[in-house]
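> Quick one: this structure, given as structure tokens, is what I'll be asking you about.
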Amino acid sequence: MEKNDLFRIGEMAKIFHLSVGTLRYYEKIGLIKPYYIDLNSNYRYYHISQFENFNTIRYLRILGMPLDKISEFLNDRSIGSIKNMLNEQKDEISKKIKELTLIKRKIDNRLVQLESAEKSKPGIIKIKKVPSRKIAWIKKTSKVRNDINIEFSIRELEKNEKNAMVFFGKVGLGISKENLQKSNYDTYDRVFLILDKEDKYNGETSFIKEHKCVIIRYFGGHEEAFKQYKKLMVFIKENKLEITGFSQEITLIDYGYSNDKSRFLTEIQIPISDSPIIL
């Protein structure tokens with residue numbers, strides 16, 4: 001055996017830009033084994049004839065191939081098997097590209113929301129059109145406006161969903177038209193989630209058309225909402241506006257974005273005029 005044809009584990013790691021730990025792991029799972037082990041020193045040596053195996057492993061790992069698939073291929077090499085592997089991996093990559101594209105859109109949506117929140121002027125009442133949206137919601141009457149109660153309701157909405165990311169930063173509470181008119185601002189009747197176009201939700205959803213709303217934004221937690229509803233209702237009465245559906249109290253900044261509760265930002269929307277809400 002020519003010593004010039006043998007390479008210690010550290011040398012192989014440098015040649016193939018791998019860590020020694022990775023090579024030891026490959027040995028442990030049986031992917032590639034040392035050509036020779038010195039019984040006196042316990043040094044591991046690899047032979048130049050194994051270079052092609054290392055090249056193949058590195059190439060397939062760069063393509064994202066799982067180690068078990070690589071092991072199968074090394075034990076049964078053929079043009080047919082490598083073609084099958086590459087086609088399967090291509091399909092997996094296509095799926096990942098689609099998933100990453102959706103994630104990018106969701107990130108873009110959140111950035112738009114945060115940029116809008118940063119430009120907010122809390123306490124100012126406006127009338128503006130709210131774009132159409134798809135929501136998932138449950139009727140949930142409660143007089144307790146606290147984080148624990150609200151979180152429990154959110155868990156009910158997401159119990160059949162695999163992807164919790166769909167809910168990040170899009171939670172809302174609603175007060176019915178009847179309770180708004182009775183000044184029951186401490187009672188919310190439903191919890192809802194605003195779904196992005198790309199979201200797949202397994203539960204029941206509703207579509208809300210573009211509609212006109214009276215809107216206010218405010219800093220602070222849910223306990224601050226009562227005062228804001230009073231301001232909105234005074235504005236509605238003074239301007240002889242007609243409420244047409246449940247309010248939409250949407251959290252824009254909460255614990256998901258900030259530890260400072262005084263910087264939490266919520267927008268309350270009350271639909272007005274003869275705008276249709278839920279179809």
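Every chain in the structure tokens takes a letter, A first, then B, and so on in the order presented; its residues are numbered from 1, and the ligands are numbered from 1 following the presented order.
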Taking 6 positions as the minimum chain separation for residues in the same chain, which residues sit within 8 Å of segment 121-137 of chain A when counting only C-alpha atoms? Answer as a VMD selection string.
chain A and resid 157 190 to 197 201 203 to 219 232
> Just to be explicit: take each residue in the selection above, keep N, CA and C atoms, and write the result as an mmCIF file, in the first residue's frame.

```cif
data_model
loop_
_atom_site.group_PDB
_atom_site.id
_atom_site.type_symbol
_atom_site.label_atom_id
_atom_site.label_comp_id
_atom_site.auth_asym_id
_atom_site.auth_seq_id
_atom_site.Cartn_x
_atom_site.Cartn_y
_atom_site.Cartn_z
ATOM 1 N N LEU A 157 -59.367 29.255 16.874
ATOM 2 C CA LEU A 157 -59.369 29.500 15.435
ATOM 3 C C LEU A 157 -58.295 28.689 14.715
ATOM 4 N N ARG A 190 -66.940 38.480 18.624
ATOM 5 C CA ARG A 190 -66.243 37.558 17.741
ATOM 6 C C ARG A 190 -64.751 37.855 17.713
ATOM 7 N N VAL A 191 -64.003 36.838 17.398
ATOM 8 C CA VAL A 191 -62.566 36.968 17.164
ATOM 9 C C VAL A 191 -62.325 36.542 15.726
ATOM 10 N N PHE A 192 -61.495 37.285 15.010
ATOM 11 C CA PHE A 192 -61.270 36.925 13.607
ATOM 12 C C PHE A 192 -59.797 37.049 13.231
ATOM 13 N N LEU A 193 -59.455 36.423 12.140
ATOM 14 C CA LEU A 193 -58.121 36.492 11.561
ATOM 15 C C LEU A 193 -58.248 36.999 10.138
ATOM 16 N N ILE A 194 -57.436 37.973 9.783
ATOM 17 C CA ILE A 194 -57.403 38.459 8.404
ATOM 18 C C ILE A 194 -56.436 37.570 7.631
ATOM 19 N N LEU A 195 -56.921 36.959 6.591
ATOM 20 C CA LEU A 195 -56.107 36.024 5.820
ATOM 21 C C LEU A 195 -55.505 36.699 4.598
ATOM 22 N N ASP A 196 -54.227 36.469 4.363
ATOM 23 C CA ASP A 196 -53.602 36.916 3.121
ATOM 24 C C ASP A 196 -54.127 36.069 1.965
ATOM 25 N N LYS A 197 -54.014 36.574 0.753
ATOM 26 C CA LYS A 197 -54.509 35.851 -0.418
ATOM 27 C C LYS A 197 -53.900 34.460 -0.528
ATOM 28 N N TYR A 201 -56.612 28.213 4.652
ATOM 29 C CA TYR A 201 -57.235 28.013 5.957
ATOM 30 C C TYR A 201 -58.282 26.921 5.843
ATOM 31 N N GLY A 203 -60.620 26.024 8.058
ATOM 32 C CA GLY A 203 -61.927 26.299 8.665
ATOM 33 C C GLY A 203 -62.797 27.184 7.790
ATOM 34 N N GLU A 204 -63.924 27.598 8.361
ATOM 35 C CA GLU A 204 -64.881 28.439 7.626
ATOM 36 C C GLU A 204 -64.340 29.853 7.476
ATOM 37 N N THR A 205 -64.513 30.419 6.307
ATOM 38 C CA THR A 205 -64.072 31.789 6.058
ATOM 39 C C THR A 205 -65.215 32.617 5.471
ATOM 40 N N SER A 206 -65.078 33.933 5.562
ATOM 41 C CA SER A 206 -66.045 34.858 4.977
ATOM 42 C C SER A 206 -65.302 35.913 4.173
ATOM 43 N N PHE A 207 -65.960 36.440 3.176
ATOM 44 C CA PHE A 207 -65.372 37.488 2.345
ATOM 45 C C PHE A 207 -66.063 38.805 2.649
ATOM 46 N N ILE A 208 -65.275 39.814 2.945
ATOM 47 C CA ILE A 208 -65.800 41.151 3.227
ATOM 48 C C ILE A 208 -65.471 42.053 2.040
ATOM 49 N N LYS A 209 -66.488 42.619 1.445
ATOM 50 C CA LYS A 209 -66.274 43.540 0.327
ATOM 51 C C LYS A 209 -65.626 44.833 0.802
ATOM 52 N N GLU A 210 -65.067 45.566 -0.143
ATOM 53 C CA GLU A 210 -64.565 46.908 0.160
ATOM 54 C C GLU A 210 -65.708 47.719 0.764
ATOM 55 N N HIS A 211 -65.413 48.404 1.860
ATOM 56 C CA HIS A 211 -66.492 49.154 2.518
ATOM 57 C C HIS A 211 -65.923 50.396 3.226
ATOM 58 N N LYS A 212 -66.813 51.334 3.502
ATOM 59 C CA LYS A 212 -66.425 52.592 4.138
ATOM 60 C C LYS A 212 -66.487 52.429 5.654
ATOM 61 N N CYS A 213 -65.481 52.954 6.334
ATOM 62 C CA CYS A 213 -65.420 52.831 7.796
ATOM 63 C C CYS A 213 -65.020 54.156 8.448
ATOM 64 N N VAL A 214 -65.456 54.303 9.688
ATOM 65 C CA VAL A 214 -64.908 55.327 10.577
ATOM 66 C C VAL A 214 -63.774 54.647 11.323
ATOM 67 N N ILE A 215 -62.598 55.285 11.332
ATOM 68 C CA ILE A 215 -61.393 54.606 11.819
ATOM 69 C C ILE A 215 -60.636 55.473 12.815
ATOM 70 N N ILE A 216 -60.081 54.802 13.829
ATOM 71 C CA ILE A 216 -59.169 55.468 14.759
ATOM 72 C C ILE A 216 -58.077 54.479 15.134
ATOM 73 N N ARG A 217 -56.858 54.981 15.348
ATOM 74 C CA ARG A 217 -55.761 54.168 15.856
ATOM 75 C C ARG A 217 -55.362 54.676 17.234
ATOM 76 N N TYR A 218 -54.903 53.739 18.087
ATOM 77 C CA TYR A 218 -54.507 54.157 19.437
ATOM 78 C C TYR A 218 -53.366 53.273 19.945
ATOM 79 N N PHE A 219 -52.565 53.865 20.850
ATOM 80 C CA PHE A 219 -51.497 53.129 21.518
ATOM 81 C C PHE A 219 -52.034 52.502 22.796
ATOM 82 N N LEU A 232 -65.406 57.228 18.803
ATOM 83 C CA LEU A 232 -65.937 56.908 17.475
ATOM 84 C C LEU A 232 -67.456 57.053 17.440
#
```
> Can you work out which one of A:Leu102, A:Ile37, A:Ile29, A:Ile93 has the shortest atom-to-atom distance to Lys200 of chain A, counting only C-alpha atoms?
A:Leu102
> Tell me which of A:Asn40, A:Asn4, A:Asn239, A:Asn55 sits closest to His17 of chain A, counting only C-alpha atoms.
A:Asn55
> One number please: atom CA of His222 of chain A to atom CA of Thr266 of chain A, in Å, one decimal.
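Computing it gives 8.3 Å between the two atoms.
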> Quick one: of A:Tyr26, A:Phe264, A:Tyr59, A:Tyr46, who's nearest to Glu224 of chain A, counting only C-alpha atoms?
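Among A:Tyr26, A:Phe264, A:Tyr59, A:Tyr46, it is A:Phe264 that comes nearest to Glu224 of chain A.
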> List as a PyMOL selection string the protein and nucleic acid residues near Ser273 of chain A, meaning an atom at most 8 Å away when only C-alpha atoms are counted, but skip any in the same chain fewer than 5 places from it.
chain A and resi 212+241-244
